[in-house]
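S.K.: Structure supplied as upload_13.txt; contents: compact mmCIF, C-alpha atoms (C1' of nucleotides).
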# COMPACT_ATOMS: atom_id res chain seq x y z
CA MET A 104 -40.38 -39.45 58.58
CA PHE A 105 -36.77 -39.15 57.55
CA SER A 106 -34.14 -40.93 59.56
CA PHE A 107 -30.89 -42.82 59.34
CA ARG A 108 -29.51 -45.46 61.62
CA VAL A 109 -26.31 -47.47 61.61
CA GLN A 110 -27.16 -51.03 62.53
CA LYS A 111 -23.87 -52.82 62.46
CA LYS A 112 -20.24 -52.06 61.90
CA LEU A 113 -17.47 -54.13 60.43
CA GLY A 114 -14.29 -52.14 60.76
CA ASN A 115 -15.32 -48.83 59.26
CA ALA A 116 -17.94 -50.44 57.05
CA ARG A 117 -21.53 -49.95 58.10
CA LEU A 118 -24.78 -51.77 57.63
CA SER A 119 -27.49 -49.15 57.91
CA GLU A 120 -31.12 -48.29 57.44
CA LEU A 121 -32.44 -45.16 55.80
CA THR A 122 -36.08 -44.30 56.33
CA THR A 123 -37.84 -42.11 53.78
CA PRO A 124 -41.46 -41.24 53.03
CA HIS A 125 -41.28 -43.88 50.30
CA GLY A 126 -39.95 -46.68 52.42
CA ASN A 127 -36.78 -47.92 53.97
CA ILE A 128 -33.52 -48.80 52.32
CA SER A 129 -30.87 -51.01 53.73
CA GLY A 130 -27.42 -49.54 53.25
CA PRO A 131 -24.91 -49.57 51.76
CA PHE A 132 -27.05 -48.96 48.71
CA PHE A 133 -26.60 -48.07 45.09
CA GLN A 134 -28.72 -45.52 43.24
CA PHE A 135 -29.35 -46.30 39.61
CA VAL A 136 -29.15 -43.24 37.45
CA ALA A 137 -32.35 -42.35 35.63
CA THR A 138 -31.31 -38.88 34.58
CA GLN A 139 -34.39 -37.88 32.67
CA GLY A 140 -36.78 -39.86 34.80
CA ALA A 141 -36.08 -43.19 33.17
CA ILE A 142 -33.21 -45.58 32.95
CA ARG A 143 -31.86 -45.16 29.45
CA GLY A 144 -32.21 -47.98 27.00
CA GLN A 145 -35.92 -48.75 27.29
CA VAL A 146 -35.65 -50.07 30.80
CA MET A 147 -38.88 -49.66 32.73
CA SER A 148 -39.04 -48.73 36.38
CA GLU A 149 -40.97 -51.96 36.77
CA ASP A 150 -37.92 -53.79 35.42
CA MET A 151 -35.72 -52.05 37.96
CA GLU A 152 -38.05 -53.11 40.72
CA LYS A 153 -37.93 -56.71 39.55
CA LEU A 154 -34.16 -56.56 39.50
CA GLY A 155 -34.22 -55.51 43.12
CA ALA A 156 -33.21 -51.88 42.83
CA ASP A 157 -34.31 -49.97 45.90
CA ILE A 158 -33.63 -46.40 44.87
CA MET A 159 -33.08 -44.37 41.73
CA LEU A 160 -31.57 -41.00 40.96
CA ALA A 161 -32.93 -38.43 38.54
CA ASN A 162 -31.55 -35.06 37.55
CA THR A 163 -33.00 -31.64 38.31
CA TYR A 164 -31.24 -29.95 35.43
CA HIS A 165 -32.48 -32.38 32.78
CA LEU A 166 -36.02 -32.55 34.11
CA HIS A 167 -36.17 -28.78 34.29
CA MET A 168 -35.14 -28.56 30.64
CA ARG A 169 -37.72 -31.11 29.63
CA PRO A 170 -40.44 -31.77 30.35
CA GLY A 171 -40.21 -29.11 33.08
CA GLU A 172 -40.98 -29.40 36.77
CA ASP A 173 -44.49 -28.01 36.40
CA THR A 174 -45.41 -30.69 33.92
CA ILE A 175 -44.15 -33.31 36.30
CA ALA A 176 -45.88 -31.72 39.25
CA ASN A 177 -49.12 -31.71 37.28
CA ALA A 178 -48.58 -35.37 36.50
CA GLY A 179 -48.56 -36.00 40.23
CA GLY A 180 -44.87 -35.63 40.98
CA LEU A 181 -41.72 -37.41 39.95
CA HIS A 182 -42.59 -40.70 41.62
CA LYS A 183 -45.78 -41.02 39.62
CA PHE A 184 -44.10 -39.69 36.53
CA MET A 185 -41.51 -42.44 36.83
CA HIS A 186 -43.88 -45.17 37.99
CA TRP A 187 -41.61 -45.59 40.97
CA ASP A 188 -42.93 -45.87 44.49
CA LYS A 189 -39.68 -46.45 46.25
CA PRO A 190 -37.15 -43.91 47.49
CA LEU A 191 -35.91 -41.44 44.94
CA THR A 192 -33.13 -38.90 44.76
CA THR A 193 -32.61 -35.92 42.49
CA ASP A 194 -29.25 -34.46 41.81
CA SER A 195 -29.20 -30.70 41.62
CA GLY A 196 -27.50 -29.96 38.34
CA GLY A 197 -24.24 -29.29 40.11
CA TYR A 198 -22.57 -32.00 38.11
CA GLN A 199 -23.65 -30.25 34.92
CA VAL A 200 -21.70 -27.21 36.09
CA PHE A 201 -18.72 -29.43 35.56
CA SER A 202 -19.79 -31.63 32.65
CA LEU A 203 -21.23 -28.85 30.52
CA GLY A 204 -18.09 -26.82 31.11
CA GLN A 205 -18.01 -24.21 28.41
CA HIS A 206 -21.79 -23.89 28.38
CA VAL A 207 -21.86 -22.70 31.96
CA LYS A 208 -21.15 -19.35 33.54
CA ILE A 209 -20.66 -19.32 37.30
CA ASP A 210 -21.16 -16.27 39.48
CA THR A 211 -21.50 -15.89 43.21
CA ASP A 212 -25.26 -16.02 43.07
CA GLY A 213 -25.67 -19.05 40.81
CA VAL A 214 -25.01 -20.44 37.36
CA THR A 215 -26.26 -19.74 33.88
CA PHE A 216 -26.51 -22.70 31.54
CA GLN A 217 -26.48 -22.47 27.81
CA SER A 218 -28.50 -25.45 26.70
CA PRO A 219 -26.40 -27.65 24.43
CA LEU A 220 -29.67 -28.72 22.83
CA ASP A 221 -30.98 -25.42 21.54
CA GLY A 222 -28.66 -22.76 22.89
CA SER A 223 -31.32 -21.33 25.18
CA SER A 224 -30.21 -19.79 28.44
CA HIS A 225 -31.24 -21.15 31.83
CA ARG A 226 -30.57 -19.76 35.26
CA PHE A 227 -29.99 -21.91 38.33
CA THR A 228 -29.52 -20.51 41.80
CA PRO A 229 -29.50 -22.55 44.99
CA GLU A 230 -33.05 -21.37 45.67
CA ILE A 231 -34.27 -22.22 42.19
CA THR A 232 -32.89 -25.75 42.33
CA MET A 233 -34.62 -26.32 45.64
CA GLN A 234 -37.88 -24.95 44.32
CA ILE A 235 -37.65 -27.22 41.33
CA GLN A 236 -36.85 -30.19 43.52
CA ALA A 237 -39.74 -29.28 45.80
CA LYS A 238 -42.05 -29.52 42.81
CA LEU A 239 -40.51 -32.75 41.62
CA GLY A 240 -40.87 -34.23 45.08
CA PRO A 241 -38.13 -36.84 45.42
CA ASP A 242 -37.07 -38.02 48.87
CA ILE A 243 -33.42 -37.10 48.82
CA VAL A 244 -32.44 -33.75 47.37
CA MET A 245 -29.04 -32.33 46.56
CA PRO A 246 -27.87 -28.73 46.78
CA LEU A 247 -26.47 -26.84 43.82
CA ASP A 248 -22.71 -27.07 43.97
CA VAL A 249 -19.61 -26.49 41.95
CA CYS A 250 -18.09 -29.78 40.94
CA THR A 251 -14.41 -29.59 40.07
CA PRO A 252 -12.46 -31.76 37.70
CA PHE A 253 -9.80 -34.14 38.98
CA SER A 254 -7.08 -31.90 37.64
CA ALA A 255 -8.36 -28.73 39.35
CA GLY A 256 -5.67 -26.75 41.10
CA ARG A 257 -5.80 -25.59 44.69
CA GLU A 258 -7.09 -22.14 43.91
CA GLU A 259 -9.91 -23.41 41.71
CA VAL A 260 -10.90 -25.93 44.35
CA GLU A 261 -10.93 -23.29 47.08
CA LYS A 262 -13.30 -21.18 45.02
CA ALA A 263 -15.52 -24.19 44.37
CA ILE A 264 -15.69 -24.95 48.07
CA ALA A 265 -16.50 -21.37 48.99
CA LEU A 266 -19.42 -21.28 46.56
CA SER A 267 -20.61 -24.82 47.28
CA THR A 268 -20.71 -24.22 51.02
CA GLN A 269 -22.48 -20.90 50.72
CA TRP A 270 -24.96 -22.34 48.24
CA ALA A 271 -25.58 -25.39 50.40
CA LYS A 272 -26.54 -23.07 53.22
CA ARG A 273 -28.90 -21.18 50.97
CA CYS A 274 -30.39 -24.48 49.82
CA LYS A 275 -31.03 -25.48 53.39
CA GLU A 276 -32.74 -22.17 54.12
CA GLU A 277 -34.85 -22.48 50.99
CA LEU A 278 -35.84 -26.02 51.87
CA ILE A 279 -37.02 -24.92 55.30
CA LYS A 280 -38.86 -21.99 53.78
CA SER A 281 -40.52 -23.93 50.97
CA SER A 282 -41.36 -26.81 53.31
CA ALA A 283 -43.57 -24.54 55.39
CA GLY A 284 -47.00 -26.10 55.38
CA LEU A 285 -45.69 -29.38 54.07
CA PRO A 286 -45.16 -32.43 56.22
CA ALA A 287 -41.90 -32.09 58.08
CA GLY A 288 -39.05 -34.19 56.87
CA ARG A 289 -40.52 -34.70 53.45
CA GLN A 290 -37.16 -34.27 51.78
CA GLY A 291 -33.68 -34.96 53.07
CA LEU A 292 -30.98 -32.54 52.00
CA TYR A 293 -27.32 -33.44 51.75
CA GLY A 294 -24.26 -31.27 51.93
CA ILE A 295 -21.73 -31.91 49.19
CA ILE A 296 -18.11 -31.91 50.24
CA GLN A 297 -15.79 -30.65 47.56
CA GLY A 298 -12.05 -30.27 47.92
CA GLY A 299 -10.54 -31.98 44.93
CA VAL A 300 -7.42 -33.91 45.71
CA PHE A 301 -6.42 -31.73 48.66
CA PRO A 302 -6.93 -33.44 52.00
CA ASP A 303 -6.88 -30.25 54.05
CA LEU A 304 -9.45 -28.62 51.80
CA ARG A 305 -11.69 -31.66 52.06
CA GLU A 306 -11.50 -31.40 55.82
CA LYS A 307 -12.23 -27.72 55.76
CA ALA A 308 -15.21 -28.15 53.43
CA ALA A 309 -16.60 -30.96 55.55
CA GLN A 310 -16.24 -28.97 58.71
CA GLU A 311 -18.06 -25.96 57.29
CA LEU A 312 -20.92 -28.09 56.08
CA ARG A 313 -21.15 -29.88 59.41
CA GLU A 314 -21.53 -26.57 61.11
CA ILE A 315 -24.49 -25.72 58.91
CA GLY A 316 -25.89 -29.19 59.47
CA PHE A 317 -27.39 -31.51 56.87
CA PHE A 318 -29.30 -34.74 56.88
CA GLY A 319 -26.52 -36.46 54.97
CA TYR A 320 -23.14 -35.68 53.50
CA SER A 321 -21.72 -36.57 50.14
CA ILE A 322 -18.27 -36.58 48.67
CA GLY A 323 -18.31 -34.77 45.37
CA GLY A 324 -15.96 -33.74 42.62
CA GLU A 325 -14.49 -35.74 39.81
CA LEU A 326 -12.46 -38.38 41.57
CA GLN A 327 -12.56 -41.16 39.09
CA GLU A 328 -9.30 -40.88 37.28
CA LYS A 329 -6.24 -42.97 37.78
CA GLY A 330 -4.21 -42.31 40.91
CA GLU A 331 -6.16 -44.90 42.87
CA LYS A 332 -4.12 -44.51 45.98
CA GLU A 333 -4.74 -40.81 46.11
CA ILE A 334 -8.46 -41.25 45.58
CA LYS A 335 -8.65 -43.83 48.31
CA LYS A 336 -6.83 -41.52 50.62
CA ILE A 337 -9.19 -38.65 49.85
CA VAL A 338 -12.22 -40.83 50.41
CA ARG A 339 -10.82 -42.11 53.69
CA ILE A 340 -9.95 -38.68 55.01
CA THR A 341 -13.22 -37.14 53.91
CA THR A 342 -15.34 -39.99 55.21
CA ALA A 343 -13.75 -39.58 58.60
CA GLN A 344 -15.06 -36.01 58.63
CA ILE A 345 -18.67 -37.05 58.22
CA PRO A 346 -20.65 -37.60 61.41
CA GLU A 347 -21.17 -41.24 62.35
CA ASP A 348 -24.92 -40.87 62.50
CA ALA A 349 -25.34 -39.37 59.03
CA PRO A 350 -25.46 -41.14 55.69
CA ARG A 351 -22.26 -40.88 53.70
CA TYR A 352 -22.72 -40.65 50.01
CA LEU A 353 -19.88 -41.02 47.51
CA MET A 354 -21.12 -39.42 44.32
CA GLY A 355 -20.55 -40.84 40.88
CA TYR A 356 -18.51 -43.78 41.97
CA GLY A 357 -19.30 -47.05 40.30
CA LYS A 358 -16.61 -49.60 39.52
CA PRO A 359 -17.53 -52.77 41.39
CA GLU A 360 -14.19 -53.20 43.10
CA ASP A 361 -14.04 -49.50 43.95
CA ILE A 362 -17.45 -49.66 45.56
CA VAL A 363 -16.35 -52.50 47.77
CA GLU A 364 -13.31 -50.52 48.73
CA ALA A 365 -15.42 -47.47 49.53
CA VAL A 366 -17.84 -49.50 51.62
CA ARG A 367 -14.85 -50.65 53.63
CA LEU A 368 -13.96 -47.03 54.21
CA GLY A 369 -17.42 -46.35 55.58
CA ILE A 370 -19.50 -45.16 52.63
CA ASP A 371 -23.23 -45.93 52.73
CA GLN A 372 -24.56 -44.60 49.49
CA PHE A 373 -23.53 -44.62 45.84
CA ASP A 374 -24.66 -43.67 42.41
CA CYS A 375 -23.07 -44.06 39.03
CA VAL A 376 -24.04 -44.17 35.38
CA LEU A 377 -21.46 -46.86 34.79
CA PRO A 378 -23.51 -50.06 35.19
CA ILE A 379 -26.40 -48.75 33.11
CA ARG A 380 -24.23 -47.14 30.49
CA ASN A 381 -21.89 -50.06 30.17
CA ALA A 382 -24.79 -52.45 29.89
CA ARG A 383 -26.20 -50.31 27.13
CA HIS A 384 -22.79 -50.30 25.48
CA GLY A 385 -22.68 -54.05 25.56
CA GLN A 386 -20.61 -54.72 28.63
CA ILE A 387 -21.56 -56.65 31.71
CA PHE A 388 -19.86 -57.11 35.03
CA PHE A 389 -19.31 -60.75 35.63
CA ASN A 390 -17.55 -63.09 37.89
CA LEU A 391 -16.82 -65.82 35.40
CA ASN A 392 -13.78 -66.93 33.51
CA LYS A 393 -13.92 -66.85 29.75
CA GLU A 394 -15.00 -70.44 29.41
CA GLU A 395 -17.78 -70.07 31.91
CA LEU A 396 -18.93 -66.85 30.30
CA THR A 397 -19.15 -68.51 26.91
CA LYS A 398 -21.22 -71.25 28.45
CA TYR A 399 -23.32 -68.71 30.24
CA LEU A 400 -24.11 -66.86 27.08
CA GLN A 401 -24.95 -70.01 25.13
CA ASP A 402 -26.71 -72.19 27.61
CA SER A 403 -30.25 -71.16 28.29
CA GLU A 404 -30.24 -73.02 31.57
CA TYR A 405 -27.32 -70.94 32.66
CA LEU A 406 -29.22 -67.84 31.72
CA ILE A 407 -32.00 -68.76 34.07
CA ASP A 408 -29.54 -68.96 36.91
CA PRO A 409 -28.12 -65.53 37.61
CA LYS A 410 -25.95 -66.61 40.49
CA LYS A 411 -22.74 -65.95 38.66
CA LEU A 412 -23.58 -62.50 37.50
CA TYR A 413 -23.75 -59.75 40.00
CA THR A 414 -25.49 -56.46 40.33
CA MET A 415 -24.58 -53.24 42.07
CA ILE A 416 -26.99 -54.22 44.77
CA ASP A 417 -24.99 -57.33 45.55
CA ILE A 418 -21.79 -55.39 45.48
CA THR A 419 -22.75 -52.74 47.98
CA LYS A 420 -23.57 -55.47 50.47
CA SER A 421 -20.69 -57.73 49.59
CA VAL A 422 -18.39 -56.63 52.36
CA PHE A 423 -20.84 -58.11 54.77
CA ALA A 424 -21.14 -61.42 52.96
CA SER A 425 -19.99 -64.09 55.35
CA ASP A 426 -17.81 -66.07 53.00
CA LYS A 427 -16.20 -66.06 49.56
CA SER A 428 -15.59 -62.39 49.32
CA ILE A 429 -15.12 -62.48 45.60
CA PHE A 430 -15.21 -58.78 45.26
CA ALA A 431 -12.49 -58.17 47.75
CA PRO A 432 -9.28 -56.99 46.11
CA ASN A 433 -7.18 -57.17 49.25
CA ASN A 434 -9.21 -59.54 51.33
C1' C B 1139 -33.52 -64.93 -28.72
C1' C B 1140 -32.73 -59.30 -29.32
C1' G B 1141 -31.44 -54.66 -26.91
C1' G B 1142 -29.68 -52.11 -22.54
C1' G B 1143 -27.36 -51.97 -17.60
C1' G B 1144 -24.50 -54.40 -13.97
C1' A B 1145 -20.69 -57.63 -11.22
C1' U B 1146 -16.18 -54.03 -5.54
C1' G B 1147 -15.07 -57.03 1.96
C1' G B 1148 -19.93 -61.54 5.34
C1' C B 1149 -23.92 -57.72 3.61
C1' A B 1150 -24.88 -52.70 1.62
C1' G B 1151 -22.56 -49.08 -1.24
C1' A B 1152 -19.11 -44.78 -3.36
C1' U B 1153 -14.71 -43.26 -5.83
C1' C B 1154 -10.44 -43.47 -8.84
C1' G B 1155 -5.27 -45.08 -14.68
C1' G B 1156 -0.75 -44.89 -9.40
C1' C B 1157 -3.25 -44.30 -2.05
C1' U B 1158 -9.85 -48.33 -2.95
C1' A B 1159 -14.03 -44.48 0.86
C1' U B 1160 -18.09 -45.16 4.14
C1' G B 1161 -22.18 -47.81 6.78
C1' C B 1162 -23.81 -52.45 8.91
C1' A B 1163 -22.00 -57.20 10.69
C1' A B 1164 -17.69 -59.51 13.32
C1' G B 1165 -13.56 -58.89 17.01
C1' G B 1166 -11.20 -55.58 20.67
C1' G B 1167 -10.98 -51.10 23.88
C1' A B 1168 -13.10 -46.90 26.47
C1' C B 1169 -16.98 -45.02 29.54
C1' U B 1170 -17.68 -43.07 36.79
C1' G B 1171 -23.54 -37.10 40.74
C1' U B 1172 -25.29 -38.94 31.54
C1' A B 1173 -24.40 -33.20 25.85
C1' A B 1174 -23.17 -40.95 25.55
C1' A B 1175 -28.88 -46.51 22.20
C1' U B 1176 -21.96 -42.99 22.31
C1' C B 1177 -16.70 -42.81 21.10
C1' C B 1178 -11.98 -45.20 19.51
C1' C B 1179 -9.28 -49.31 17.20
C1' U B 1180 -8.96 -53.92 14.19
C1' C B 1181 -10.40 -57.48 10.54
C1' A B 1182 -11.82 -57.82 5.56
C1' A B 1183 -13.03 -56.70 -1.41
C1' G B 1184 -12.33 -55.64 -7.18
C1' A B 1185 -16.68 -62.54 -10.96
C1' U B 1186 -13.18 -65.51 -14.57
C1' A B 1187 -9.50 -65.44 -18.66
C1' G B 1188 -6.78 -62.53 -21.79
C1' G B 1189 -5.15 -57.66 -23.69
C1' U B 1190 -3.51 -52.19 -23.66
C1' U B 1191 -0.10 -49.47 -20.22
C1' C B 1192 5.83 -47.87 -16.74
C1' A B 1193 1.31 -48.80 -13.82
C1' A B 1194 -5.52 -51.71 -14.35
C1' C B 1195 -10.43 -52.26 -9.36
C1' U B 1196 -10.67 -48.40 -13.14
C1' C B 1197 -9.71 -48.73 -20.35
C1' C B 1198 -10.53 -52.97 -24.30
C1' U B 1199 -12.16 -58.21 -25.64
C1' A B 1200 -14.28 -62.82 -24.41
C1' U B 1201 -16.71 -65.99 -20.86
C1' U B 1202 -20.02 -66.72 -16.69
C1' C B 1203 -23.79 -64.84 -13.71
C1' C B 1204 -27.54 -61.04 -12.30
C1' C B 1205 -31.16 -57.02 -13.38
C1' C B 1206 -34.45 -54.19 -16.81
C1' G B 1207 -37.11 -53.78 -21.43
C1' G B 1208 -38.87 -56.19 -26.09
C1' A B 1209 -40.41 -60.42 -28.96
How does the structure come out when it is put into structure tokens?
M.R.:
Amino acid sequence: MFSFRVQKKLGNARLSELTTPHGNISGPFFQFVATQGAIRGQVMSEDMEKLGADIMLANTYHLHMRPGEDTIANAGGLHKFMHWDKPLTTDSGGYQVFSLGQHVKIDTDGVTFQSPLDGSSHRFTPEITMQIQAKLGPDIVMPLDVCTPFSAGREEVEKAIALSTQWAKRCKEELIKSSAGLPAGRQGLYGIIQGGVFPDLREKAAQELREIGFFGYSIGGELQEKGEKEIKKIVRITTAQIPEDAPRYLMGYGKPEDIVEAVRLGIDQFDCVLPIRNARHGQIFFNLNKEELTKYLQDSEYLIDPKKLYTMIDITKSVFASDKSIFAPNN
RNA sequence: CCGGGGAUGGCAGAUCGGCUAUGCAAGGGACUGUAAAUCCCUCAAGAUAGGUUCAACUCCUAUUCCCCGGA
């Protein structure tokens, strides 16, 4: 029921097909972030479908906080809850370990969140996140991990890897356990490779996860901060550590030109809040000069023709576009 | 006509005898597994004419306009 196949290669870039219980996706693909089960800004799932989105990403942590996984399970699962029949991913809450910083206490067994909303305390262990995700029922599930900031030093990163790897293993065991009686291959679990900006640690983390064995592998950690060369290097080195026949997922990466670059390096899967957030904040990604943009925004006929605006979906496939590689920084 | 109250950026709306907030709008920037329908920056004002004062958006007088009440 769950499978991944590389169909064509162009250098390191891959054209692929991911099969899930909710249909197939052609990769590289971009996951739109619907944290709380909906794209923010009054965007309906139906709208996303019309726009051509083929997969969305929701968040275990947020959905656990409200409305709670049981509520969603009672509503028929996350797909029904979201009015979304296509493939769906849930992140584990690992990113919140990083983004909620001071509200989180990490120990070897799991993490304790202090809700920024009401101060209430919530416990996440690898097992708990998998149980929640089992109830939510998305196709792709992520293990609880420790996401480190860009500036994290070697020691901090080593600790994060140790926990993330151990937790990923526990997540895998829990998935197998909780899947007993359920159709095999209902959910695909990824291993998240941490390692900060240290190439050798990235390699080590990848190797350990490979030994455990996951359906897919993702590159995690806060990478999006200046130092482009370094980031590119990390992505290249880490990508090379991921088996050819597994999907490679670069987490939280979303600048159009960066996506193209990452596709070139062999990444198949993306997610990012950037396009949705920026749109909500009044910014669009366009491929027009100022004059054309002005015309675009004023001329209703222009508005009907979306050729000159592009979406993340276009971008992830752009490397394979036969001509006019407008997104290519280096050509 | 009489009495009372007003007049501050494009709009709304405070304060103050010496530096005029703030919100919206407008323009710019940021945002990367969402504590973000958010955050940062910029633009831009004292109805008109006099007077008092070292100094007036602020106090005084007149004019114009607006609002409320009464004939």
S.K.: Might you pull out every residue within 12 Å of A1163 of chain B, with only C-alpha atoms (C1' of nucleotides) counted and same-chain residues fewer than 5 positions away left off, and present them as an mmCIF file with C-alpha atoms (C1' of nucleotides), keeping the file's coordinate frame?
M.R.:
data_model
loop_
_atom_site.group_PDB
_atom_site.id
_atom_site.type_symbol
_atom_site.label_atom_id
_atom_site.label_comp_id
_atom_site.auth_asym_id
_atom_site.auth_seq_id
_atom_site.Cartn_x
_atom_site.Cartn_y
_atom_site.Cartn_z
ATOM 1 C "C1'" G B 1147 -15.070 -57.030 1.960
ATOM 2 C "C1'" G B 1148 -19.930 -61.540 5.340
ATOM 3 C "C1'" C B 1149 -23.920 -57.720 3.610
ATOM 4 C "C1'" A B 1150 -24.880 -52.700 1.620
ATOM 5 C "C1'" C B 1181 -10.400 -57.480 10.540
ATOM 6 C "C1'" A B 1182 -11.820 -57.820 5.560
#
S.K.: Excluding segment 348-356 of chain A and its own-chain neighbours fewer than 6 positions away, which residues fall within 7 Å of it when counting all atoms listed in the file? Please give them as number ranges by chain.
M.R.: A: 107-109, 318-323, 362, 370-375; B: 1170-1171
S.K.: Pick out the closest residue to chain B from this set: A:Leu166, A:Ala137, A:Ile231, A:Met104. Count only C-alpha atoms (C1' of nucleotides).
M.R.: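 Between A:Leu166, A:Ala137, A:Ile231, A:Met104, the residue approaching chain B most closely is A:Ala137.
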S.K.: Only residues of chain A matter here; which ones have an atom within 8 Å of chain B, counting all atoms listed in the file? Give them as a list of chain:residue names.
M.R.: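 Listing them in order of chain and number gives A:Thr138, A:Arg143, A:Gly144, A:Asp194, A:Gly197, A:Tyr198, A:Leu203, A:Pro219, A:Leu220, A:Gly323, A:Gln327, A:Met354, A:Gly355, A:Tyr356, A:Gly357, A:Lys358, A:Asp374, A:Cys375, A:Val376, A:Leu377, A:Arg380, A:Asn381, A:Arg383, A:His384.
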S.K.: So that I can check the surroundings of U1186 of chain B, please list as an NGL selection string every protein, DNA and RNA residue that reaches within 12 Å of it, counting all atoms listed in the file and ignoring chain neighbours fewer than 4 positions away.
M.R.: :B and (1145 or 1200-1203)
S.K.: Take atom CA of Gly369 of chain A and atom CA of Lys112 of chain A and report the distance between them in Å, one decimal.
M.R.: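 Distance reported for this atom pair: 9.0 Å.
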S.K.: Compare A:Leu247, A:Ile334, A:Met415, A:Ala156 by their minimum atom-to-atom distance to Leu191 of chain A, counting all atoms listed in the file, and give me the closest one.
M.R.: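 That would be A:Ala156, the residue with the smallest distance to Leu191 of chain A.
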S.K.: With distances taken over only C-alpha atoms (C1' of nucleotides), which of B:G1151, B:G1184, B:C1140, B:G1166 is nearest to U1196 of chain B?
M.R.: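 For U1196 of chain B, the nearest of the candidates is B:G1184.
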S.K.: Find, counting all atoms listed in the file, the residue in A:Asp210, A:Glu314, A:Glu333, A:Glu172 that gets nearest to Lys272 of chain A.
M.R.: A:Glu314
S.K.: What is the distance, in Å and to one decimal place, between atom CA of Thr341 of chain A and atom CA of Glu364 of chain A?
M.R.: 14.3 Å
S.K.: When you look at segment 1152-1158 of chain B with a cut-off of 9 Å (counting all atoms listed in the file), what residues show up, excluding the ones that are within fewer than 2 positions of it in the same chain? I need them as number ranges by chain.
M.R.: B: 1146, 1160, 1184, 1191, 1193-1197
S.K.: Measuring between all atoms listed in the file, which one of B:G1143, B:G1167, B:G1161, B:G1189 shows the shortest distance to C1205 of chain B?
M.R.: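 Under the stated criterion, the closest residue is B:G1143.
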S.K.: Check the smallest atom-to-atom distance from each of A:Arg313, A:His206, A:Lys262, A:Arg305 to Gly222 of chain A using only C-alpha atoms, then report the winner.
M.R.: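 Of the candidates, the smallest distance to Gly222 of chain A is held by A:His206.
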S.K.: May I have the protein, DNA and RNA residues with an atom at most 12 Å from (-22.5, -25.1, 55.9), counting all atoms listed in the file in the file's coordinates, returned as a PDB file with C-alpha atoms, keeping the file's coordinate frame?
M.R.:
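Once everything was written out, this is point-v7.pdb:
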ATOM      1  CA  PRO A 246     -27.870 -28.730  46.780  1.00  0.00           C
ATOM      2  CA  ILE A 264     -15.690 -24.950  48.070  1.00  0.00           C
ATOM      3  CA  ALA A 265     -16.500 -21.370  48.990  1.00  0.00           C
ATOM      4  CA  LEU A 266     -19.420 -21.280  46.560  1.00  0.00           C
ATOM      5  CA  SER A 267     -20.610 -24.820  47.280  1.00  0.00           C
ATOM      6  CA  THR A 268     -20.710 -24.220  51.020  1.00  0.00           C
ATOM      7  CA  GLN A 269     -22.480 -20.900  50.720  1.00  0.00           C
ATOM      8  CA  TRP A 270     -24.960 -22.340  48.240  1.00  0.00           C
ATOM      9  CA  ALA A 271     -25.580 -25.390  50.400  1.00  0.00           C
ATOM     10  CA  LYS A 272     -26.540 -23.070  53.220  1.00  0.00           C
ATOM     11  CA  ARG A 273     -28.900 -21.180  50.970  1.00  0.00           C
ATOM     12  CA  CYS A 274     -30.390 -24.480  49.820  1.00  0.00           C
ATOM     13  CA  LYS A 275     -31.030 -25.480  53.390  1.00  0.00           C
ATOM     14  CA  GLU A 276     -32.740 -22.170  54.120  1.00  0.00           C
ATOM     15  CA  LEU A 292     -30.980 -32.540  52.000  1.00  0.00           C
ATOM     16  CA  TYR A 293     -27.320 -33.440  51.750  1.00  0.00           C
ATOM     17  CA  GLY A 294     -24.260 -31.270  51.930  1.00  0.00           C
ATOM     18  CA  ILE A 295     -21.730 -31.910  49.190  1.00  0.00           C
ATOM     19  CA  ILE A 296     -18.110 -31.910  50.240  1.00  0.00           C
ATOM     20  CA  LYS A 307     -12.230 -27.720  55.760  1.00  0.00           C
ATOM     21  CA  ALA A 308     -15.210 -28.150  53.430  1.00  0.00           C
ATOM     22  CA  ALA A 309     -16.600 -30.960  55.550  1.00  0.00           C
ATOM     23  CA  GLN A 310     -16.240 -28.970  58.710  1.00  0.00           C
ATOM     24  CA  GLU A 311     -18.060 -25.960  57.290  1.00  0.00           C
ATOM     25  CA  LEU A 312     -20.920 -28.090  56.080  1.00  0.00           C
ATOM     26  CA  ARG A 313     -21.150 -29.880  59.410  1.00  0.00           C
ATOM     27  CA  GLU A 314     -21.530 -26.570  61.110  1.00  0.00           C
ATOM     28  CA  ILE A 315     -24.490 -25.720  58.910  1.00  0.00           C
ATOM     29  CA  GLY A 316     -25.890 -29.190  59.470  1.00  0.00           C
ATOM     30  CA  PHE A 317     -27.390 -31.510  56.870  1.00  0.00           C
ATOM     31  CA  PHE A 318     -29.300 -34.740  56.880  1.00  0.00           C
ATOM     32  CA  TYR A 320     -23.140 -35.680  53.500  1.00  0.00           C
TER      33      TYR A 320
END
S.K.: With a distance cut-off of 8 Å and only C-alpha atoms (C1' of nucleotides), select the neighbouring residues of Met159 of chain A, excluding the residue or stretch itself and same-chain residues fewer than 2 positions from it, and output the selection as a CSV table (one decimal) with C-alpha atoms, in the frame of the given file.
M.R.:
chain,number,residue,atom,x,y,z
A,134,GLN,CA,-28.7,-45.5,43.2
A,135,PHE,CA,-29.4,-46.3,39.6
A,136,VAL,CA,-29.2,-43.2,37.4
A,137,ALA,CA,-32.4,-42.4,35.6
A,156,ALA,CA,-33.2,-51.9,42.8
A,157,ASP,CA,-34.3,-50.0,45.9
A,161,ALA,CA,-32.9,-38.4,38.5
A,190,PRO,CA,-37.2,-43.9,47.5
A,191,LEU,CA,-35.9,-41.4,44.9
A,192,THR,CA,-33.1,-38.9,44.8
